[in-house]
Amino acid sequence: MTSTNDIRRSFLDYFGSAGHSIVPSAPLVPQNDPTLMFVNAGMVPFKNVFTGLESRPYSTATSSQKCVRAGGKHNDLDNVGYTARHHTFFEMLGNFSFGDYFKEQAITHAWTLLTKEWGLPAEKLTATVYHTDDQAFDLWKKIAGLPDHRIIRIATKDNFWAMGSDGPCGPCSEIFYDHGEHIPGGPPGSPDEDGDRFVEIWNLVFMQFVQEADTIVGDLPRPSIDTGMGLERIAAVMQGVTDNYDTDTFKALIAASGALTHTPTTGDNQASHRVIADHLRTSGFLVADGVLPANDGRGYVLRRIMRRAMRHAHLLGAKEPLMHRLVPALVAEMGAAYPELVRAQPLIEATLRQEETRFRQTLDKGLKLLDEATAGMNAGDVLSGETAFKLYDTYGFPYDLTEDALRAQSFGVDRAGFDTAMAEQKRAARAAWKGSGAKASDELWFDLAEEVGATEFTGYASDVGEGVV
Ligand code: ATP
Ligand code: MG
Ligand code: MG
Ligand code: MG
């Protein structure tokens, strides 16, 4: 079996041998874009190179980039544990051409790596192209010999990428692997494309136009290439499993979680173990890159992820803080590729331990309240916004944790009611503050806190990475 670590190496070596500079992953906290919460695609650290703002001593590059999609427009948090192919933290393998090679070579590289180097059966692969991109259609025919019905024209934004409303943009081509008839799901573009049968493994973006105010105004002077392949997804394919959580890395993390909780990792417990393994990676990598749990911004996304995992540990019957004890397994799996994990191991452990110790003080009581509040509810019913707010305010339950907790019984949460309760509390706090004779500067603080802090991050101000890599 080819290990995930070997696949990462093999990808970088392939493109390295083809003249690409091998660039280490950038940190998860974006260094060139304050509007972006976390790096969510391999191209993000190269954004200014694509626009020409920055130049580098190379015109082609390859990387395995740490990505987090757990907030804003790219939020895969709710998929975790429930699809076979989504994580909140994952690695995106990519090759990039900054005005160097274009479509033909990008498709040739992708096809050669997948079918020649790695030996994947050509008949299991399907490509999509943007509906007007005849050039890409013809290249797939010519280079890969794909029959017409396995080059699917897609007219949606899924196959058209833009850096924002202004800047480079262009069509893309997604490569799918067919895991077989026994897995539910249909081919791309079909009504049941969201199943796990046809899995998108690689996205090739052909940057060839420039747009202004969402309208194409001309050709990009030097057409460029940006690709992204999910390492965990290609690992599943190459390891002959149909589920990312059955690959070597995840199996090891899930086994550790099973051993420490003395619980089976299948059946009713499966989703909990998967959430724990996923969130362990995200928490570990975020702390290693300098994010700490907090009540707003990036730190609140981390806190939400940590606490969600902690509720699942509790569900598995863990009586003591668990997550910090899983860190050695994470470091054993991924520390060689990401030495920052090894360096930060003591900090990751201490942070998880402290957060879990604190959260345990209120978790039990909060879950009891939740049980009482939902007694008598039926599938499809909605928990009141006031109760969700009380869980948030008194027991430290992030809103989405409550939602996740109710999901198994198909109960919803009244989001609008929650928001109203939150706004009411802020209003009351402000009124109380005013009545206390506080100075004008304190009031200014309240204004600021309301504007920038205290609330959770809900979206990106810009569209970097929108839709695709
Ligand atoms: P999907 O449609 O499956 O959600 P996507 O089109 O949103 O994927 P891209 O933005 O094109 O994904 O990212 C490039 C590649 O990264 C994808 O082809 C996929 O292999 C991988 N990928 C994307 N999101 C995730 C995720 N949440 N977990 C694991 N791998 C992912
Ligand atoms: Mg997606
Ligand atoms: Mg997609
Ligand atoms: Mg895609």
# chains A, B, ... in the order shown; residues from 1 in each chain; ligands from 1
>>> residues_around(residues="segment 14-21 of chain A", least_positions_apart="6", cutoff="10 Å", atoms="only C-alpha atoms", output="list in words")
Pro57, Tyr58, Ser59, Thr60, Ala61, Thr62, Ser63, Gly94, Asn95, Phe96, Ser97, His109, Thr112, Leu113 and Glu117 of chain A
>>> select_by_dssp(residues="segment 168-386 of chain A", states="alpha helix (DSSP H)", output="NGL selection string")
:A and (231-238 or 248-261 or 270-288 or 297-315 or 327-334 or 339-374 or 385-386)
>>> closest_atom_pairs(of="segment 6-99 of chain A", to="segment 191-198 of chain A", cutoff="12 Å", atoms="only C-alpha atoms", output="JSON lines")
{"residue": "A:Asn79", "atom": "CA", "partner": "A:Asp194", "partner_atom": "CA", "distance": 11.3}
{"residue": "A:Tyr82", "atom": "CA", "partner": "A:Asp196", "partner_atom": "CA", "distance": 10.5}
{"residue": "A:Thr83", "atom": "CA", "partner": "A:Asp196", "partner_atom": "CA", "distance": 7.1}
{"residue": "A:Ala84", "atom": "CA", "partner": "A:Asp196", "partner_atom": "CA", "distance": 6.4}
{"residue": "A:Arg85", "atom": "CA", "partner": "A:Asp196", "partner_atom": "CA", "distance": 7.3}
{"residue": "A:His86", "atom": "CA", "partner": "A:Asp196", "partner_atom": "CA", "distance": 10.2}
>>> residues_near_ligand(ligand="ligand 1", cutoff="7 Å", atoms="only C-alpha atoms and all ligand atoms", output="list in words")
Ala41, Arg69, Asp76, Arg85, His86, His87, Thr88, Phe89, Phe90, Met92, Asp158, Glu174, Val199, Glu200, Ile201, Trp202, Asn203, Gly228, Met229, Gly230, Leu231, Glu232, Arg233, Gly467, Val468 and Val469 of chain A
>>> residues_around(residues="segment 284-289 of chain A", least_positions_apart="2", cutoff="6 Å", atoms="only C-alpha atoms", output="PDB file with all heavy atoms, in the first residue's frame")
ATOM      1  N   PRO A  27       1.771  28.995   6.131  1.00  0.00           N
ATOM      2  CA  PRO A  27       0.960  28.805   7.332  1.00  0.00           C
ATOM      3  C   PRO A  27      -0.530  28.938   7.027  1.00  0.00           C
ATOM      4  O   PRO A  27      -0.911  29.544   6.020  1.00  0.00           O
ATOM      5  CB  PRO A  27       1.410  29.930   8.263  1.00  0.00           C
ATOM      6  CG  PRO A  27       2.683  30.446   7.697  1.00  0.00           C
ATOM      7  CD  PRO A  27       2.691  30.140   6.242  1.00  0.00           C
ATOM      8  N   LEU A 280      -9.143  16.895  15.465  1.00  0.00           N
ATOM      9  CA  LEU A 280      -7.808  16.822  16.074  1.00  0.00           C
ATOM     10  C   LEU A 280      -6.775  17.418  15.111  1.00  0.00           C
ATOM     11  O   LEU A 280      -5.907  18.202  15.500  1.00  0.00           O
ATOM     12  CB  LEU A 280      -7.466  15.355  16.370  1.00  0.00           C
ATOM     13  CG  LEU A 280      -6.024  15.068  16.800  1.00  0.00           C
ATOM     14  CD1 LEU A 280      -5.777  15.599  18.212  1.00  0.00           C
ATOM     15  CD2 LEU A 280      -5.729  13.566  16.751  1.00  0.00           C
ATOM     16  N   ARG A 281      -6.877  17.045  13.841  1.00  0.00           N
ATOM     17  CA  ARG A 281      -5.934  17.575  12.859  1.00  0.00           C
ATOM     18  C   ARG A 281      -6.075  19.084  12.745  1.00  0.00           C
ATOM     19  O   ARG A 281      -5.096  19.825  12.763  1.00  0.00           O
ATOM     20  CB  ARG A 281      -6.172  16.937  11.477  1.00  0.00           C
ATOM     21  CG  ARG A 281      -5.945  15.455  11.488  1.00  0.00           C
ATOM     22  CD  ARG A 281      -5.735  14.804  10.130  1.00  0.00           C
ATOM     23  NE  ARG A 281      -6.360  15.364   8.957  1.00  0.00           N
ATOM     24  CZ  ARG A 281      -5.881  15.201   7.729  1.00  0.00           C
ATOM     25  NH1 ARG A 281      -4.766  14.513   7.546  1.00  0.00           N
ATOM     26  NH2 ARG A 281      -6.503  15.698   6.695  1.00  0.00           N
ATOM     27  N   THR A 282      -7.305  19.545  12.602  1.00  0.00           N
ATOM     28  CA  THR A 282      -7.531  20.985  12.435  1.00  0.00           C
ATOM     29  C   THR A 282      -7.022  21.752  13.654  1.00  0.00           C
ATOM     30  O   THR A 282      -6.320  22.758  13.520  1.00  0.00           O
ATOM     31  CB  THR A 282      -9.032  21.249  12.215  1.00  0.00           C
ATOM     32  OG1 THR A 282      -9.499  20.332  11.236  1.00  0.00           O
ATOM     33  CG2 THR A 282      -9.287  22.663  11.758  1.00  0.00           C
ATOM     34  N   VAL A 291      -2.747  30.005  16.179  1.00  0.00           N
ATOM     35  CA  VAL A 291      -4.122  30.359  16.551  1.00  0.00           C
ATOM     36  C   VAL A 291      -4.422  29.730  17.912  1.00  0.00           C
ATOM     37  O   VAL A 291      -4.078  28.572  18.151  1.00  0.00           O
ATOM     38  CB  VAL A 291      -5.132  29.845  15.500  1.00  0.00           C
ATOM     39  CG1 VAL A 291      -6.544  30.279  15.855  1.00  0.00           C
ATOM     40  CG2 VAL A 291      -4.750  30.335  14.107  1.00  0.00           C
ATOM     41  N   LEU A 292      -5.037  30.493  18.802  1.00  0.00           N
ATOM     42  CA  LEU A 292      -5.437  29.947  20.100  1.00  0.00           C
ATOM     43  C   LEU A 292      -6.933  30.155  20.279  1.00  0.00           C
ATOM     44  O   LEU A 292      -7.506  31.090  19.710  1.00  0.00           O
ATOM     45  CB  LEU A 292      -4.664  30.651  21.229  1.00  0.00           C
ATOM     46  CG  LEU A 292      -3.167  30.312  21.280  1.00  0.00           C
ATOM     47  CD1 LEU A 292      -2.452  31.177  22.328  1.00  0.00           C
ATOM     48  CD2 LEU A 292      -2.935  28.827  21.579  1.00  0.00           C
ATOM     49  N   LEU A 341       4.467  20.751  13.705  1.00  0.00           N
ATOM     50  CA  LEU A 341       3.634  19.977  14.639  1.00  0.00           C
ATOM     51  C   LEU A 341       4.489  19.440  15.782  1.00  0.00           C
ATOM     52  O   LEU A 341       4.062  19.428  16.938  1.00  0.00           O
ATOM     53  CB  LEU A 341       3.019  18.765  13.931  1.00  0.00           C
ATOM     54  CG  LEU A 341       1.694  18.891  13.217  1.00  0.00           C
ATOM     55  CD1 LEU A 341       1.257  17.499  12.774  1.00  0.00           C
ATOM     56  CD2 LEU A 341       0.627  19.530  14.090  1.00  0.00           C
ATOM     57  N   ALA A 344       5.464  22.290  18.061  1.00  0.00           N
ATOM     58  CA  ALA A 344       4.362  22.848  18.850  1.00  0.00           C
ATOM     59  C   ALA A 344       3.659  21.798  19.710  1.00  0.00           C
ATOM     60  O   ALA A 344       2.703  22.125  20.408  1.00  0.00           O
ATOM     61  CB  ALA A 344       3.353  23.523  17.919  1.00  0.00           C
ATOM     62  N   ILE A 348       0.195  22.394  21.757  1.00  0.00           N
ATOM     63  CA  ILE A 348      -1.067  21.809  21.280  1.00  0.00           C
ATOM     64  C   ILE A 348      -1.704  21.003  22.411  1.00  0.00           C
ATOM     65  O   ILE A 348      -2.904  21.122  22.698  1.00  0.00           O
ATOM     66  CB  ILE A 348      -0.829  20.909  20.041  1.00  0.00           C
ATOM     67  CG1 ILE A 348      -0.219  21.711  18.890  1.00  0.00           C
ATOM     68  CG2 ILE A 348      -2.128  20.247  19.591  1.00  0.00           C
ATOM     69  CD1 ILE A 348       0.304  20.850  17.737  1.00  0.00           C
TER      70      ILE A 348
END
>>> residues_around(residues="Asp6 of chain A", least_positions_apart="6", cutoff="12 Å", atoms="only C-alpha atoms", output="ChimeraX atom specification")
/A:12-14,118,231,234-235,238-239,248-249,333-334,336-337
>>> closest_residue(among="A:Asp419, A:Asp246, A:Asp178, A:Asp78", to="ligand 2", atoms="only C-alpha atoms and all ligand atoms")
A:Asp78
>>> closest_residue(among="A:Glu356, A:Lys142, A:Gly297, A:Asp278", to="Phe38 of chain A", atoms="only C-alpha atoms")
A:Gly297
>>> residues_around(residues="Thr108 of chain A", least_positions_apart="4", cutoff="8 Å", atoms="only C-alpha atoms", output="list in words")
Glu104, Thr112, Ile143 and Ala144 of chain A
